[in-house]
Every structure is written in structure tokens, then in C-alpha cells.
Amino acid sequence: MRFEDQVARLGDLAQPLSHNELRVIANLESESLKIFWQAWRQFPGERRVEILRDIDALGEDNVDLDFRPVFRACLGDGDPDVRAAAVAGLWEDESELTMDRLIRLIRDESGKVRAAAAIALASFAQRSELGELTPAATQRVYGALLSTATDPEQPLDVRRRAVEGLGYFANSKEAQAEIGRAYAHPELVMRESAILAMGRSMRPTWIPSIERELKNVSPAMRYEAARAVGELGEDGRPLLASLLPLVDDEDGEISMTAIWSLGQVGGPNAKRILQSLARSKDEARRTAANAALEELSIAE
């Protein structure tokens, strides 16, 4: 079957998508990408989103399949749901060209796309912290996140995602001040993002705030606080006593996150707790504890 026909078949709603057929749009070069794009624009919107989500999962399980050319092309799709799915699919793309496209998408007409772009830019902020970005690229991503977080014209969900990315700029007074303002915000979701950013900052000054939220009545806030403890790494050890009750939280996601954090924090006490959890009758807790112990042994 010709490449054109293989691609066209993907758009047929009567045909269920298969991973075998989706492989045809991996590793596309410029000419094949043009053929793909001509057919793609004729596909129904819901099918395009379905394809992007499927190839995202397929690419994660198969490192030899590179779908980045497709995701990059779809950043220019006319459907905001498709653009947002394309942004999500580029989570492993480390090129500065992609970073700059994401920065431009923060001004997209769709709030959903803007929020997705802000989330994706956090990975570039993290790379900056690790010294993997040039100073010029660092300044661009920092400037984009800071201006977005402080822009009253941006939707709340976009601003909160920008605050989360600012967490990686631990040495920026402006970024840390904005995280503090977000924590004082009247909307709970903004305060949740502030706690996540505090963990990413790994600054001891935020430890009392994180500890306070481990006891919050809001499950979402407890989850973010538990996650923030893990982000603190060894600096989170003073919070072990406050984190421990969340291992048995009635919310499964909180419980699993608390166990993950124990593995990130490390130390004799955390290790002893994890070894006990690894013998739990609860399969989910047992599995999570073993995974955390494995990470802990690698770190050691």
C-alpha cells in the first residue's frame, strides 16, 4: 500500500486505530510530512486528537519511533484540542526551536493551548536549572513564564501553570516573590500551584508552608504538598513526621505520592518505613514502596 493510502486510512472513522498502522507516521522526513499534512487536514477533529494521544503512548513505549515531526506540525492545526494534544506530545522534545514555539503559543487564542504550553515550558525551566540551556534560552523561558504569571489578562489556569514553572528558578527573587503571591491568592488552585512551585524551588524557607498544607482538608492540596516534599529531596527529611499520615490517606493518589516522596527524601527513617510498606497486604502500596526502595538504592 502506498504511503498516501496508509495515511488516508488513519482518518477513516470506520477503521479502529491500531499501533501497527500508526507506525507509518513515525520518523517522517520533509516530503513524507507534506503528504501526511495534506491528508491530515481532512481528518475529523476528534480523530486527529485520538491519533495524537495514541502515538504519544506508542512513542513512549518504543524509543525507535519518533513522532516529533508530526507533533511539531500539529502545533499549527486549526483545532485547539489538536494543538493542545500536540503540545502534550512534545514533552520529550528538548530543542530550543520547539521551546520558542511553545513561548509563542502562550498567546494562543485558546486558553487550553496556553495552559498546555505553560506546562510544557516547565521542562525547559528545569533544564535551565540543570545547566542544560544556553543563557539566552534561559532568559527567554524565564521571561515568558514570569510575564505570563503576572499578566492579569491571562486566564487563571494559564497563570498558575506559569507559576509552577517559575519554581525551578530558585535564585530569582522575582520568581520566588511571585510564588509567595500565588500562595496568598484567594483561589485554591493557585495556592496548589504555589505549593508545587515551592517544592521545585527546594528552598528551606518554603518548608513551613509545605508542612502546613500536608494537613489541609483539601485532597488536592494534600497531594501537592506530599509531592512537594519529594521534590525537596534530602531537605524534606524534617517533614517526614507530617508526611507519614498521608501514606494511609483515603485518597489513593495522595497515598501513592506520599510513598514516592519517601523514596525521594531518603535516609534511614524513610527507608525503614518503605521496607515496612513493602510487606503490606495492600498490593498498590506494596508495589509503590518497592519502586521507591529501588529508586532509593540507586541514589545510595
# chains A, B, ... in the order shown; residues from 1 in each chain; ligands from 1

$ residues_around --residues "segment 17-31 of chain A" --least-positions-apart "3" --cutoff "6 Å" --atoms "only C-alpha atoms" --output "number ranges by chain"
A: 34, 65-67

$ residues_around --residues "Trp37 of chain A" --least-positions-apart "6" --cutoff "12 Å" --atoms "only C-alpha atoms" --output "list of chain:residue names"
A:Glu4, A:Val7, A:Ala8, A:Gly11, A:Ile25, A:Leu28, A:Glu29, A:Ser30, A:Glu31, A:Phe43, A:Arg48, A:Pro69, A:Val70, A:Phe71, A:Arg72, A:Ala73, A:Cys74, A:Leu75, A:Gly76, A:Asp77

$ write_last_selection --atoms "C-alpha atoms" --output "mmCIF file, in the first residue's frame"
data_model
loop_
_atom_site.group_PDB
_atom_site.id
_atom_site.type_symbol
_atom_site.label_atom_id
_atom_site.label_comp_id
_atom_site.auth_asym_id
_atom_site.auth_seq_id
_atom_site.Cartn_x
_atom_site.Cartn_y
_atom_site.Cartn_z
ATOM 1 C CA GLU A 4 -0.549 8.210 0.873
ATOM 2 C CA VAL A 7 -2.056 7.789 5.940
ATOM 3 C CA ALA A 8 -5.541 8.265 4.474
ATOM 4 C CA GLY A 11 -8.574 9.137 9.067
ATOM 5 C CA ILE A 25 3.748 8.237 10.581
ATOM 6 C CA LEU A 28 8.794 11.303 8.906
ATOM 7 C CA GLU A 29 11.117 13.370 6.733
ATOM 8 C CA SER A 30 10.094 16.573 4.948
ATOM 9 C CA GLU A 31 8.475 15.059 1.821
ATOM 10 C CA PHE A 43 -9.466 14.084 9.116
ATOM 11 C CA ARG A 48 -6.876 13.876 14.932
ATOM 12 C CA PRO A 69 7.779 15.804 13.342
ATOM 13 C CA VAL A 70 4.040 15.066 13.485
ATOM 14 C CA PHE A 71 3.569 16.780 16.854
ATOM 15 C CA ARG A 72 5.520 19.849 15.701
ATOM 16 C CA ALA A 73 3.436 20.100 12.525
ATOM 17 C CA CYS A 74 0.234 19.840 14.555
ATOM 18 C CA LEU A 75 1.147 22.877 16.650
ATOM 19 C CA GLY A 76 -0.242 24.765 13.661
ATOM 20 C CA ASP A 77 -3.505 22.790 13.454
#

$ atom_distance --atom1 "atom CA of Arg53 of chain A" --atom2 "atom CA of Ile103 of chain A"
22.0 Å

$ closest_residue --among "A:Val113, A:Met202, A:Val141, A:Ala118" --to "Leu97 of chain A" --atoms "only C-alpha atoms"
A:Val141

$ closest_residue --among "A:Met256, A:Ala292, A:Ala228, A:Leu214" --to "Glu164 of chain A" --atoms "only C-alpha atoms"
A:Ala228

$ residues_around --residues "Ser255 of chain A" --least-positions-apart "2" --cutoff "12 Å" --atoms "only C-alpha atoms" --output "MDAnalysis selection string"
chainID A and resid 214 219 222:227 243:253 257:262 277 282 284:286 288:289

$ closest_residue --among "A:Glu187, A:Asp235, A:Glu132, A:Asp5" --to "Leu156 of chain A" --atoms "only C-alpha atoms"
A:Glu187

$ atom_distance --atom1 "atom CA of Arg140 of chain A" --atom2 "atom CA of Asp157 of chain A"
21.0 Å

$ residues_around --residues "Gln275 of chain A" --least-positions-apart "4" --cutoff "8 Å" --atoms "only C-alpha atoms" --output "list in words"
Lys271, Arg279, Ala289, Asn290 and Leu293 of chain A

$ write_last_selection --atoms "C-alpha atoms" --output "CSV table (one decimal), in the first residue's frame"
chain,number,residue,atom,x,y,z
A,271,LYS,CA,13.9,3.5,54.2
A,279,ARG,CA,5.3,-6.1,53.2
A,289,ALA,CA,7.0,1.0,48.2
A,290,ASN,CA,9.2,-1.4,46.2
A,293,LEU,CA,13.1,1.5,47.5

$ residues_around --residues "Tyr183 of chain A" --least-positions-apart "3" --cutoff "9 Å" --atoms "only C-alpha atoms" --output "PDB file with C-alpha atoms, in the first residue's frame"
ATOM      1  CA  GLU A 178       5.570  35.594  42.587  1.00  0.00           C
ATOM      2  CA  ILE A 179       5.293  32.132  44.164  1.00  0.00           C
ATOM      3  CA  GLY A 180       4.647  33.841  47.500  1.00  0.00           C
ATOM      4  CA  PRO A 186      -7.862  33.562  47.166  1.00  0.00           C
ATOM      5  CA  LEU A 188      -7.347  27.265  45.968  1.00  0.00           C
ATOM      6  CA  MET A 190      -3.480  28.912  42.531  1.00  0.00           C
ATOM      7  CA  ARG A 191      -2.321  28.035  46.041  1.00  0.00           C
ATOM      8  CA  GLU A 192      -1.928  24.410  44.940  1.00  0.00           C
ATOM      9  CA  SER A 193       0.362  25.558  42.116  1.00  0.00           C
ATOM     10  CA  ALA A 194       2.326  27.679  44.578  1.00  0.00           C
ATOM     11  CA  ILE A 195       2.994  24.624  46.761  1.00  0.00           C
ATOM     12  CA  SER A 209       4.218  26.363  54.197  1.00  0.00           C
TER      13      SER A 209
END

$ residues_around --residues "Ala170 of chain A" --least-positions-apart "5" --cutoff "10 Å" --atoms "only C-alpha atoms" --output "list of chain:residue names"
A:Glu129, A:Ala175, A:Gln176, A:Ala197, A:Met198, A:Arg200, A:Ser201, A:Met202, A:Arg203

$ select_by_dssp --residues "segment 6-212 of chain A" --states "alpha helix (DSSP H)" --output "PyMOL selection string"
chain A and resi 6-10+19-22+30-40+45-61+68-74+80-89+96-105+111-129+135-149+156-166+173-183+188-201+207-212

$ atom_distance --atom1 "atom CA of Leu102 of chain A" --atom2 "atom CA of Ser147 of chain A"
14.2 Å

$ closest_residue --among "A:Leu274, A:Trp91, A:Gly45, A:Ala241" --to "Ala57 of chain A" --atoms "only C-alpha atoms"
A:Trp91

$ closest_residue --among "A:Ile207, A:Ala162, A:Met221, A:Val265" --to "Gly233 of chain A" --atoms "only C-alpha atoms"
A:Val265
